[in-house]
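Enquirer: First, the structure itself, so that you have it in front of you.
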Amino acid sequence: MKRIIFTTILALAAIVAMAQTPQAMLDKCVAAINSGGGVTANYSVETHQGTSKGNIAMQGNKFRIISPEAKSWYDGKTQWSWSPVTGEVNITAPTPDELQMSNPVAAAQHFKANFNMKRAKAKTAKTYAIKLTPKAKKDAIKTLWLYFDETTSLLRTARFEMSDKSVYIIRITDYKHKSLPASTFSFDKSQVPAGTAVVDLR
């Protein structure tokens, strides 16, 4: 009987340990994002050039990003992208690889497949930190640090240390869970200057 109890305790300990692996943490983050139908959040991106801010909405594999520097809508099949540089809206049917650059959920799957991960020491309590290094030696990212809220499993900060020594820090705040209408993820012409050209690149 003691042996059975001891074995059971070891098994439970192993299950708990597995739940705290970096890969499991990414899965928990994706599940937390998808809970409640959808989620919106504010974000900021800090670089040596300054800080830019915006808002992101996500539901399943759909997303919308709104900021002064760029606006993007993806309904699960079609993506509309606007930037002040081109001054136009481009319509594309992005590949999974292209979505990794803009969809946080797709990015999580990309990290699991293409990066080595290990738990890192967090600087604050109730924070789960992961250090990621790319498997490919020529990757533009040298090291990536992800910081999650252990209570909610949601990503709070991502620090990208690039091969060219530049650093990008993304901070995410004000998560709000709610069901979002399908129109959220389709192009909204009111969000771009009147008369903006729409170019279909599909």
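Within each chain, counting starts at residue 1; across the structure tokens, chains are named A, B, ... in the order shown, with ligands numbered 1 upward in that order.
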Would you please extract all strand (DSSP E) residues from range 48-167 of chain A, as assigned by DSSP on the backbone, and give them as a PyMOL selection string?

Expert: chain A and resi 50-59+62-66+71-74+79-83+88-92+115-120+127-134+141-149+155-162+167

Enquirer: Can I get the residues of range 27-145 of chain A within 7 Å of range 168-190 of chain A, each with the closest pair of atoms and their distance in Å to one decimal, using only C-alpha atoms, sorted chain first then ascending number, as a Markdown table?

Expert:
| residue | atom | partner | partner_atom | distance |
| --- | --- | --- | --- | --- |
| A:Gly36 | CA | A:His177 | CA | 5.7 |
| A:Gly37 | CA | A:Ser179 | CA | 4.7 |
| A:Gly38 | CA | A:Ser179 | CA | 5.1 |
| A:Val39 | CA | A:His177 | CA | 4.3 |
| A:Thr40 | CA | A:Lys176 | CA | 5.3 |
| A:Ala41 | CA | A:Tyr175 | CA | 4.4 |
| A:Asn42 | CA | A:Thr173 | CA | 5.3 |
| A:Tyr43 | CA | A:Ile172 | CA | 4.4 |
| A:Ser44 | CA | A:Arg171 | CA | 5.3 |
| A:Val45 | CA | A:Ile170 | CA | 4.6 |
| A:Glu46 | CA | A:Ile169 | CA | 5.0 |
| A:Thr47 | CA | A:Tyr168 | CA | 5.1 |
| A:Lys62 | CA | A:Phe185 | CA | 6.5 |
| A:Phe63 | CA | A:Phe185 | CA | 5.9 |
| A:Arg64 | CA | A:Phe185 | CA | 5.6 |
| A:Trp73 | CA | A:Phe185 | CA | 5.1 |
| A:Tyr74 | CA | A:Phe185 | CA | 5.4 |
| A:Asp75 | CA | A:Phe185 | CA | 5.0 |
| A:Trp80 | CA | A:Phe187 | CA | 6.1 |

Enquirer: For those residues, write N, CA and C atoms to a file as a short mmCIF file (atom, residue, chain, number, x, y, z; two decimals), in the first residue's frame.

Expert:
data_model
loop_
_atom_site.label_atom_id
_atom_site.label_comp_id
_atom_site.auth_asym_id
_atom_site.auth_seq_id
_atom_site.Cartn_x
_atom_site.Cartn_y
_atom_site.Cartn_z
N GLY A 36 -13.59 32.57 -23.42
CA GLY A 36 -14.55 33.66 -23.44
C GLY A 36 -14.86 34.17 -24.83
N GLY A 37 -14.46 33.44 -25.86
CA GLY A 37 -14.79 33.82 -27.23
C GLY A 37 -13.74 34.66 -27.90
N GLY A 38 -13.26 35.71 -27.27
CA GLY A 38 -12.27 36.58 -27.87
C GLY A 38 -11.63 37.46 -26.82
N VAL A 39 -10.63 38.24 -27.23
CA VAL A 39 -9.94 39.09 -26.27
C VAL A 39 -9.41 40.34 -26.99
N THR A 40 -9.42 41.45 -26.29
CA THR A 40 -8.78 42.67 -26.78
C THR A 40 -7.72 43.07 -25.76
N ALA A 41 -6.71 43.79 -26.20
CA ALA A 41 -5.65 44.24 -25.30
C ALA A 41 -4.93 45.43 -25.92
N ASN A 42 -4.30 46.23 -25.08
CA ASN A 42 -3.45 47.31 -25.55
C ASN A 42 -2.01 46.83 -25.52
N TYR A 43 -1.18 47.38 -26.39
CA TYR A 43 0.22 46.99 -26.40
C TYR A 43 1.11 48.19 -26.71
N SER A 44 2.36 48.07 -26.32
CA SER A 44 3.36 49.08 -26.68
C SER A 44 4.60 48.35 -27.17
N VAL A 45 5.30 48.95 -28.12
CA VAL A 45 6.54 48.40 -28.66
C VAL A 45 7.64 49.43 -28.44
N GLU A 46 8.66 49.05 -27.67
CA GLU A 46 9.76 49.95 -27.38
C GLU A 46 11.00 49.56 -28.18
N THR A 47 11.58 50.53 -28.87
CA THR A 47 12.83 50.33 -29.60
C THR A 47 13.75 51.51 -29.31
N LYS A 62 -8.30 34.50 -35.84
CA LYS A 62 -8.56 35.81 -36.41
C LYS A 62 -7.93 36.90 -35.54
N PHE A 63 -7.57 38.02 -36.16
CA PHE A 63 -7.02 39.12 -35.37
C PHE A 63 -7.20 40.45 -36.08
N ARG A 64 -7.08 41.51 -35.28
CA ARG A 64 -7.09 42.88 -35.80
C ARG A 64 -6.08 43.68 -35.00
N TRP A 73 -6.19 43.57 -40.56
CA TRP A 73 -7.35 42.75 -40.24
C TRP A 73 -7.15 41.38 -40.89
N TYR A 74 -7.48 40.33 -40.15
CA TYR A 74 -7.37 38.97 -40.72
C TYR A 74 -8.59 38.18 -40.26
N ASP A 75 -9.40 37.71 -41.22
CA ASP A 75 -10.64 37.01 -40.90
C ASP A 75 -10.52 35.49 -40.93
N TRP A 80 -6.10 42.24 -44.69
CA TRP A 80 -6.02 43.60 -45.20
C TRP A 80 -4.99 44.35 -44.36
#

Enquirer: Please list as a ChimeraX atom specification every residue within 8 Å of Ile91 in chain A, counting only C-alpha atoms and excluding residues in the same chain fewer than 6 positions away.

Expert: /A:78-81,198-202

Enquirer: Applying 12 Å and only C-alpha atoms, which residues near Met162 in chain A remain after dropping the ones on its own chain fewer than 4 positions away? List them as a list in words.

Expert: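 The filter keeps Thr47, Thr133, Pro134, Lys138, Asp139, Ala140, Ile141, Lys142, Thr143, Leu144, Trp145, Ser166, Val167, Tyr168 and Ile169 of chain A.
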
Enquirer: Could the residues in this selection be written to a file with N, CA and C atoms, as a PDB file, in the first residue's frame?

Expert:
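Wrote it out as result10.pdb, contents follow:
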ATOM      1  N   THR A  47      11.583  50.531 -28.869  1.00  0.00           N
ATOM      2  CA  THR A  47      12.830  50.329 -29.603  1.00  0.00           C
ATOM      3  C   THR A  47      13.752  51.506 -29.312  1.00  0.00           C
ATOM      4  N   THR A 133      15.816  30.365 -27.630  1.00  0.00           N
ATOM      5  CA  THR A 133      16.912  30.573 -28.577  1.00  0.00           C
ATOM      6  C   THR A 133      16.590  29.789 -29.850  1.00  0.00           C
ATOM      7  N   PRO A 134      16.795  30.382 -31.004  1.00  0.00           N
ATOM      8  CA  PRO A 134      16.410  29.722 -32.260  1.00  0.00           C
ATOM      9  C   PRO A 134      17.261  28.491 -32.565  1.00  0.00           C
ATOM     10  N   LYS A 138      21.112  31.072 -38.271  1.00  0.00           N
ATOM     11  CA  LYS A 138      21.033  32.330 -39.001  1.00  0.00           C
ATOM     12  C   LYS A 138      19.727  33.087 -38.738  1.00  0.00           C
ATOM     13  N   ASP A 139      18.992  32.725 -37.700  1.00  0.00           N
ATOM     14  CA  ASP A 139      17.738  33.400 -37.387  1.00  0.00           C
ATOM     15  C   ASP A 139      18.009  34.850 -36.990  1.00  0.00           C
ATOM     16  N   ALA A 140      17.092  35.745 -37.374  1.00  0.00           N
ATOM     17  CA  ALA A 140      17.251  37.164 -37.048  1.00  0.00           C
ATOM     18  C   ALA A 140      17.164  37.412 -35.547  1.00  0.00           C
ATOM     19  N   ILE A 141      16.463  36.511 -34.850  1.00  0.00           N
ATOM     20  CA  ILE A 141      16.337  36.636 -33.395  1.00  0.00           C
ATOM     21  C   ILE A 141      17.481  35.884 -32.725  1.00  0.00           C
ATOM     22  N   LYS A 142      18.201  36.552 -31.854  1.00  0.00           N
ATOM     23  CA  LYS A 142      19.276  35.906 -31.106  1.00  0.00           C
ATOM     24  C   LYS A 142      18.726  35.259 -29.843  1.00  0.00           C
ATOM     25  N   THR A 143      17.963  36.011 -29.074  1.00  0.00           N
ATOM     26  CA  THR A 143      17.346  35.504 -27.855  1.00  0.00           C
ATOM     27  C   THR A 143      15.998  36.174 -27.665  1.00  0.00           C
ATOM     28  N   LEU A 144      15.024  35.404 -27.225  1.00  0.00           N
ATOM     29  CA  LEU A 144      13.697  35.936 -26.947  1.00  0.00           C
ATOM     30  C   LEU A 144      13.312  35.580 -25.521  1.00  0.00           C
ATOM     31  N   TRP A 145      12.832  36.561 -24.789  1.00  0.00           N
ATOM     32  CA  TRP A 145      12.388  36.350 -23.415  1.00  0.00           C
ATOM     33  C   TRP A 145      10.892  36.626 -23.351  1.00  0.00           C
ATOM     34  N   SER A 166      20.020  44.899 -31.946  1.00  0.00           N
ATOM     35  CA  SER A 166      18.890  45.753 -31.607  1.00  0.00           C
ATOM     36  C   SER A 166      17.968  45.001 -30.645  1.00  0.00           C
ATOM     37  N   VAL A 167      17.157  45.763 -29.910  1.00  0.00           N
ATOM     38  CA  VAL A 167      16.266  45.181 -28.900  1.00  0.00           C
ATOM     39  C   VAL A 167      14.851  45.731 -29.090  1.00  0.00           C
ATOM     40  N   TYR A 168      13.868  44.850 -29.047  1.00  0.00           N
ATOM     41  CA  TYR A 168      12.470  45.242 -29.125  1.00  0.00           C
ATOM     42  C   TYR A 168      11.759  44.710 -27.891  1.00  0.00           C
ATOM     43  N   ILE A 169      11.021  45.559 -27.209  1.00  0.00           N
ATOM     44  CA  ILE A 169      10.280  45.132 -26.028  1.00  0.00           C
ATOM     45  C   ILE A 169       8.793  45.397 -26.255  1.00  0.00           C
TER      46      ILE A 169
END

Enquirer: Got a sec: who's within 10 Å of Ile130 in chain A, counting only C-alpha atoms, leaving out chain neighbours fewer than 6 positions off, as a PyMOL selection string?

Expert: chain A and resi 21-23+25-26+117-122+144-148+158

Enquirer: List as a short mmCIF file (atom, residue, chain, number, x, y, z; two decimals) with N, CA and C atoms, in the first residue's frame the protein and nucleic acid residues near Ser153 in chain A, meaning an atom at most 9 Å away when only C-alpha atoms are counted, but skip any in the same chain fewer than 2 places from it.

Expert:
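Final file, around35.cif:
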data_model
loop_
_atom_site.label_atom_id
_atom_site.label_comp_id
_atom_site.auth_asym_id
_atom_site.auth_seq_id
_atom_site.Cartn_x
_atom_site.Cartn_y
_atom_site.Cartn_z
N MET A 25 3.27 26.15 -20.96
CA MET A 25 2.91 27.53 -20.65
C MET A 25 2.41 28.25 -21.89
N LEU A 26 3.03 28.02 -23.03
CA LEU A 26 2.57 28.63 -24.28
C LEU A 26 1.16 28.14 -24.62
N LYS A 28 -1.08 27.10 -22.49
CA LYS A 28 -2.00 27.71 -21.53
C LYS A 28 -2.29 29.16 -21.92
N CYS A 29 -1.30 29.84 -22.45
CA CYS A 29 -1.49 31.23 -22.87
C CYS A 29 -2.49 31.29 -24.03
N VAL A 30 -2.30 30.40 -25.02
CA VAL A 30 -3.22 30.37 -26.16
C VAL A 30 -4.64 30.04 -25.69
N ALA A 31 -4.76 29.08 -24.76
CA ALA A 31 -6.08 28.72 -24.24
C ALA A 31 -6.71 29.89 -23.50
N ALA A 32 -5.88 30.64 -22.76
CA ALA A 32 -6.39 31.79 -22.01
C ALA A 32 -6.86 32.89 -22.96
N ILE A 33 -6.14 33.08 -24.07
CA ILE A 33 -6.53 34.07 -25.07
C ILE A 33 -7.87 33.69 -25.70
N TYR A 128 6.00 33.93 -14.82
CA TYR A 128 6.64 32.76 -15.41
C TYR A 128 7.46 33.25 -16.59
N PHE A 148 5.10 35.72 -18.53
CA PHE A 148 3.68 35.47 -18.39
C PHE A 148 3.20 35.74 -16.97
N ASP A 149 1.93 36.12 -16.85
CA ASP A 149 1.29 36.23 -15.54
C ASP A 149 0.88 34.81 -15.14
N GLU A 150 1.45 34.29 -14.06
CA GLU A 150 1.16 32.91 -13.67
C GLU A 150 -0.29 32.73 -13.25
N THR A 151 -0.95 33.78 -12.80
CA THR A 151 -2.33 33.68 -12.37
C THR A 151 -3.28 33.51 -13.55
N LEU A 155 0.35 36.47 -21.65
CA LEU A 155 1.65 37.08 -21.90
C LEU A 155 1.61 38.56 -21.51
#

Enquirer: Quick one: pull the distance between CA of Lys53 in chain A and CA of Thr127 in chain A, Å, one decimal.

Expert: 23.1 Å

Enquirer: Report the distance between CA of Gln109 in chain A and CA of Ser72 in chain A in Å, rounded to one decimal place.

Expert: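 Computed distance, CA of Gln109 in chain A to CA of Ser72 in chain A, equals 20.4 Å.
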
Enquirer: Using only C-alpha atoms, pick whichever of A:Lys71, A:Arg156, A:Lys165, A:His48 has the shortest atom-to-atom distance to Lys126 in chain A.

Expert: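 Looking at the shortest contact to Lys126 in chain A, the residue is A:Arg156.
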
Enquirer: Counting only C-alpha atoms, which residue out of A:Leu132, A:Ala125, A:Ala93, A:Ile56 sits closest to Phe111 in chain A?

Expert: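 Of the candidates, the smallest distance to Phe111 in chain A is held by A:Leu132.
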
Enquirer: With only C-alpha atoms as the atoms that count, which of A:Asn55, A:Thr157, A:Asn34, A:Gln191 lies nearest to Ala129 in chain A?

Expert: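 Ranking A:Asn55, A:Thr157, A:Asn34, A:Gln191 by distance to Ala129 in chain A, first place goes to A:Thr157.
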